[in-house]
Amino acid sequence: MAILLAGDIGGTKTILRLVKAEQTETTYKFPTLTTLYEQTYSSKEFPDLVPIVCRLLEAATEQLGERPIVEKACFGIAGPVTNNTAKLTNLSWSLEGDRIERELSISQVSLINDFAAIGYGVLGLSEQDLYALQTVESDRNAPIAILGAGTGLGEGFLIPLSDDSYRVFSSEGGHVDFAPHSTLEFQLLNYILEKNNLERVSVERIVSGQGIVSIYQFLWDRDSSQSSPTFAKIYQTWLQELGKEEKTVDLAAEISKAAIAQSDRLCQQTMRLFVEAYGAEAGNLALKLLPYGGLYIAGGISAKILSLLKQGDFMKAFKAKGRVSPILNKIPVYVVLNPKVGLIGAAFRAAQI
């Protein structure tokens with residue numbers, strides 16, 4: 001038995017989990033992980049990750065009755081990771097694995113990209129953690145693809161190894177060019193180019209939280225009469241708060257809520273465009289990797305808009321690939337419902353170190 005420390009480290013919050021790992025002979029050779037203690041902290045209240053871990057260990061000692069001795073740790077970082085070092089995108093933290101090892105007396109610390117952590121995490125999900133948009137038998141010897149829209153658009157993949165384990169790779173696929181499929185999407189592309197004085201538009205500018213906002217602004221400027229008076233007030237409040245530190249409106253979240261409730265036509269149009277673009281990019285990734293082991297849709301948005309993904313526009317766009325469309329009928333497609341899939345993945349990765 002070993003005690004591991006897993007972390008999901010973001011600019012807003014840090015989630016830490018202490019787990020007990022017991023090695024068992026399973027198909028995927030992953031240990032059985034049991035959560036001992038978990039806590040969430042505001043990242044901005046601390047100058048570094050080390051003080052947060054110290055706070056966690058103090059609280060865990062009080063609850064467990066003895067101080068846990070952490071053997072290995074893995075942290076999923078919201079930012080690029082190179083040579084076990086990372087600098088968070090939205091926080092002034094510089095993290096080095098060897099420094100964390102010394103200061104916390106942990107023998108091995110691994111820093112990985114947060115989307116790589118999601119890649120490991122999908123291997124540890126149960127049926128209850130997933131919703132199948134396309135149910136077909138998965139191929140254990142084929143790649144697995146992951147993508148997820150949140151603040152940005154993350155993409156990655158897993159390759160099966162000969163010992164029944166997987167190797168996880170992150171990518172920058174979210175930054176490929178956005179490819180419009182309709183007159184309206186061509187107009188959206190030109191709108192974003194002109195509004196932001198850009199030379200190109202990436203998929204991430206459409207398929208992300210900021211993308212939802214951009215689509216809504218485009219549709220508003222085309223015909224604001226489609227908006228309800230109630231939502232028009234929400235939008236005007238958001239405009240007034242631009243540039244301010246304190247904000248009361250998360251516009252992307254409000255748009256998706258109104259679309260799900262069918263209370264605003266402009267929001268419904270926005271989310272239809274968003275879902276179609278999301279499905280099209282999922283199909284692009286699937287064609288490049290042929291992930292017969294499964295395609296997993298993660299990220300902070302997917303589970304929240306599950307009712308919209310289930311309506312059919314996502315899978316229709318996913319399969320709209322001309323003469324090669326039948327290939328995509330053979331790929332299992334899942335929406336990840338568990339918001340802590342990255343934390344699960346960090347724990348699995350710690351066990352593998």
# chains A, B, ... in the order shown; residues from 1 in each chain; ligands from 1
>>> select_by_dssp(residues="range 78-200 of chain A", states="helix (DSSP H, G or I)", output="MDAnalysis selection string")
chainID A and resid 97:104 114:124 127:129 173:175 183:196
>>> select_by_dssp(residues="range 121-219 of chain A", states="strand (DSSP E)", output="ChimeraX atom specification")
/A:130-134,144-149,153-160,166-171
>>> closest_residue(among="A:Leu184, A:Leu147, A:Leu91, A:Ala59", to="Ser208 in chain A", atoms="only C-alpha atoms")
A:Leu147
>>> closest_residue(among="A:Gly299, A:Ala132, A:Gly124, A:Asp48", to="Thr32 in chain A", atoms="only C-alpha atoms")
A:Gly124
>>> residues_around(residues="Tyr131 in chain A", least_positions_apart="4", cutoff="10 Å", atoms="only C-alpha atoms", output="list in words")
Glu127, Thr135, Tyr296, Ile297, Ala303, Leu306, Lys310, Val333, Tyr334, Val335, Val336 and Leu337 of chain A
>>> write_last_selection(atoms="all heavy atoms", output="short mmCIF file (atom, residue, chain, number, x, y, z; two decimals), in the first residue's frame")
data_model
loop_
_atom_site.label_atom_id
_atom_site.label_comp_id
_atom_site.auth_asym_id
_atom_site.auth_seq_id
_atom_site.Cartn_x
_atom_site.Cartn_y
_atom_site.Cartn_z
N GLU A 127 -19.10 3.55 -15.61
CA GLU A 127 -20.22 3.80 -16.53
C GLU A 127 -21.05 4.99 -16.07
O GLU A 127 -21.59 5.73 -16.89
CB GLU A 127 -21.10 2.56 -16.64
CG GLU A 127 -20.45 1.41 -17.39
CD GLU A 127 -21.41 0.24 -17.59
OE1 GLU A 127 -22.60 0.40 -17.24
OE2 GLU A 127 -20.97 -0.81 -18.08
N THR A 135 -22.95 4.46 -29.09
CA THR A 135 -22.58 3.21 -28.41
C THR A 135 -22.19 2.15 -29.43
O THR A 135 -23.04 1.59 -30.13
CB THR A 135 -23.75 2.70 -27.55
OG1 THR A 135 -24.16 3.72 -26.65
CG2 THR A 135 -23.33 1.48 -26.75
N TYR A 296 -13.60 10.74 -26.07
CA TYR A 296 -14.18 11.26 -24.82
C TYR A 296 -14.26 12.78 -24.86
O TYR A 296 -13.26 13.45 -25.12
CB TYR A 296 -13.33 10.82 -23.63
CG TYR A 296 -13.39 9.33 -23.35
CD1 TYR A 296 -12.64 8.43 -24.11
CD2 TYR A 296 -14.21 8.83 -22.34
CE1 TYR A 296 -12.70 7.07 -23.87
CE2 TYR A 296 -14.28 7.47 -22.08
CZ TYR A 296 -13.52 6.60 -22.86
OH TYR A 296 -13.58 5.24 -22.62
N ILE A 297 -15.45 13.31 -24.61
CA ILE A 297 -15.67 14.75 -24.63
C ILE A 297 -15.69 15.22 -23.17
O ILE A 297 -16.62 14.92 -22.42
CB ILE A 297 -17.00 15.10 -25.30
CG1 ILE A 297 -17.05 14.46 -26.70
CG2 ILE A 297 -17.19 16.60 -25.41
CD1 ILE A 297 -18.45 14.22 -27.19
N ALA A 303 -20.54 18.59 -19.82
CA ALA A 303 -21.53 17.98 -18.92
C ALA A 303 -22.67 18.95 -18.61
O ALA A 303 -23.82 18.54 -18.41
CB ALA A 303 -20.86 17.53 -17.63
N LEU A 306 -25.26 18.88 -21.52
CA LEU A 306 -25.53 17.53 -22.00
C LEU A 306 -26.85 17.46 -22.75
O LEU A 306 -26.95 16.80 -23.79
CB LEU A 306 -25.53 16.55 -20.83
CG LEU A 306 -25.81 15.08 -21.19
CD1 LEU A 306 -24.74 14.54 -22.14
CD2 LEU A 306 -25.89 14.22 -19.93
N LYS A 310 -27.27 16.00 -26.60
CA LYS A 310 -28.10 14.84 -26.87
C LYS A 310 -29.13 15.08 -27.97
O LYS A 310 -29.73 14.12 -28.48
CB LYS A 310 -28.84 14.42 -25.58
CG LYS A 310 -27.92 13.86 -24.52
CD LYS A 310 -28.58 13.86 -23.14
CE LYS A 310 -29.83 13.03 -23.07
NZ LYS A 310 -30.37 12.97 -21.68
N VAL A 333 -18.46 7.25 -28.71
CA VAL A 333 -18.37 8.66 -28.34
C VAL A 333 -19.04 8.85 -26.98
O VAL A 333 -20.21 8.49 -26.81
CB VAL A 333 -19.04 9.58 -29.38
CG1 VAL A 333 -18.92 11.05 -28.96
CG2 VAL A 333 -18.42 9.37 -30.76
N TYR A 334 -18.29 9.41 -26.02
CA TYR A 334 -18.78 9.57 -24.66
C TYR A 334 -18.64 11.02 -24.20
O TYR A 334 -17.65 11.69 -24.53
CB TYR A 334 -18.00 8.69 -23.67
CG TYR A 334 -17.92 7.23 -24.03
CD1 TYR A 334 -16.76 6.70 -24.61
CD2 TYR A 334 -18.98 6.37 -23.77
CE1 TYR A 334 -16.67 5.35 -24.93
CE2 TYR A 334 -18.89 5.02 -24.09
CZ TYR A 334 -17.74 4.52 -24.67
OH TYR A 334 -17.65 3.19 -24.99
N VAL A 335 -19.59 11.46 -23.41
CA VAL A 335 -19.47 12.73 -22.68
C VAL A 335 -19.05 12.40 -21.25
O VAL A 335 -19.68 11.55 -20.59
CB VAL A 335 -20.79 13.51 -22.66
CG1 VAL A 335 -20.65 14.81 -21.86
CG2 VAL A 335 -21.25 13.82 -24.08
N VAL A 336 -17.99 13.02 -20.78
CA VAL A 336 -17.51 12.79 -19.42
C VAL A 336 -18.33 13.63 -18.46
O VAL A 336 -18.37 14.86 -18.55
CB VAL A 336 -16.01 13.15 -19.30
CG1 VAL A 336 -15.55 13.01 -17.85
CG2 VAL A 336 -15.18 12.26 -20.22
N LEU A 337 -19.01 12.98 -17.52
CA LEU A 337 -19.88 13.66 -16.56
C LEU A 337 -19.17 13.99 -15.25
O LEU A 337 -19.62 14.85 -14.51
CB LEU A 337 -21.11 12.79 -16.27
CG LEU A 337 -21.93 12.35 -17.49
CD1 LEU A 337 -23.09 11.46 -17.04
CD2 LEU A 337 -22.44 13.55 -18.27
#
>>> residues_around(residues="Glu276 in chain A", least_positions_apart="4", cutoff="9 Å", atoms="only C-alpha atoms", output="JSON, numbers by chain")
{"A": [271, 272, 280, 281, 313, 314, 315, 316, 317, 318]}
>>> residues_around(residues="range 189-201 of chain A", least_positions_apart="5", cutoff="8 Å", atoms="only C-alpha atoms", output="list in words")
Asp177, Phe178, Pro180, Ser214 and Phe218 of chain A
>>> write_last_selection(atoms="C-alpha atoms", output="mmCIF file, in the first residue's frame")
data_model
loop_
_atom_site.group_PDB
_atom_site.id
_atom_site.type_symbol
_atom_site.label_atom_id
_atom_site.label_comp_id
_atom_site.auth_asym_id
_atom_site.auth_seq_id
_atom_site.Cartn_x
_atom_site.Cartn_y
_atom_site.Cartn_z
ATOM 1 C CA ASP A 177 -7.774 26.838 -38.098
ATOM 2 C CA PHE A 178 -11.545 27.119 -37.736
ATOM 3 C CA PRO A 180 -16.710 27.164 -41.489
ATOM 4 C CA SER A 214 -18.211 35.613 -29.505
ATOM 5 C CA PHE A 218 -22.064 38.089 -33.668
#
>>> atom_distance(atom1="CA of Ala78 in chain A", atom2="CA of Ala282 in chain A")
21.7 Å
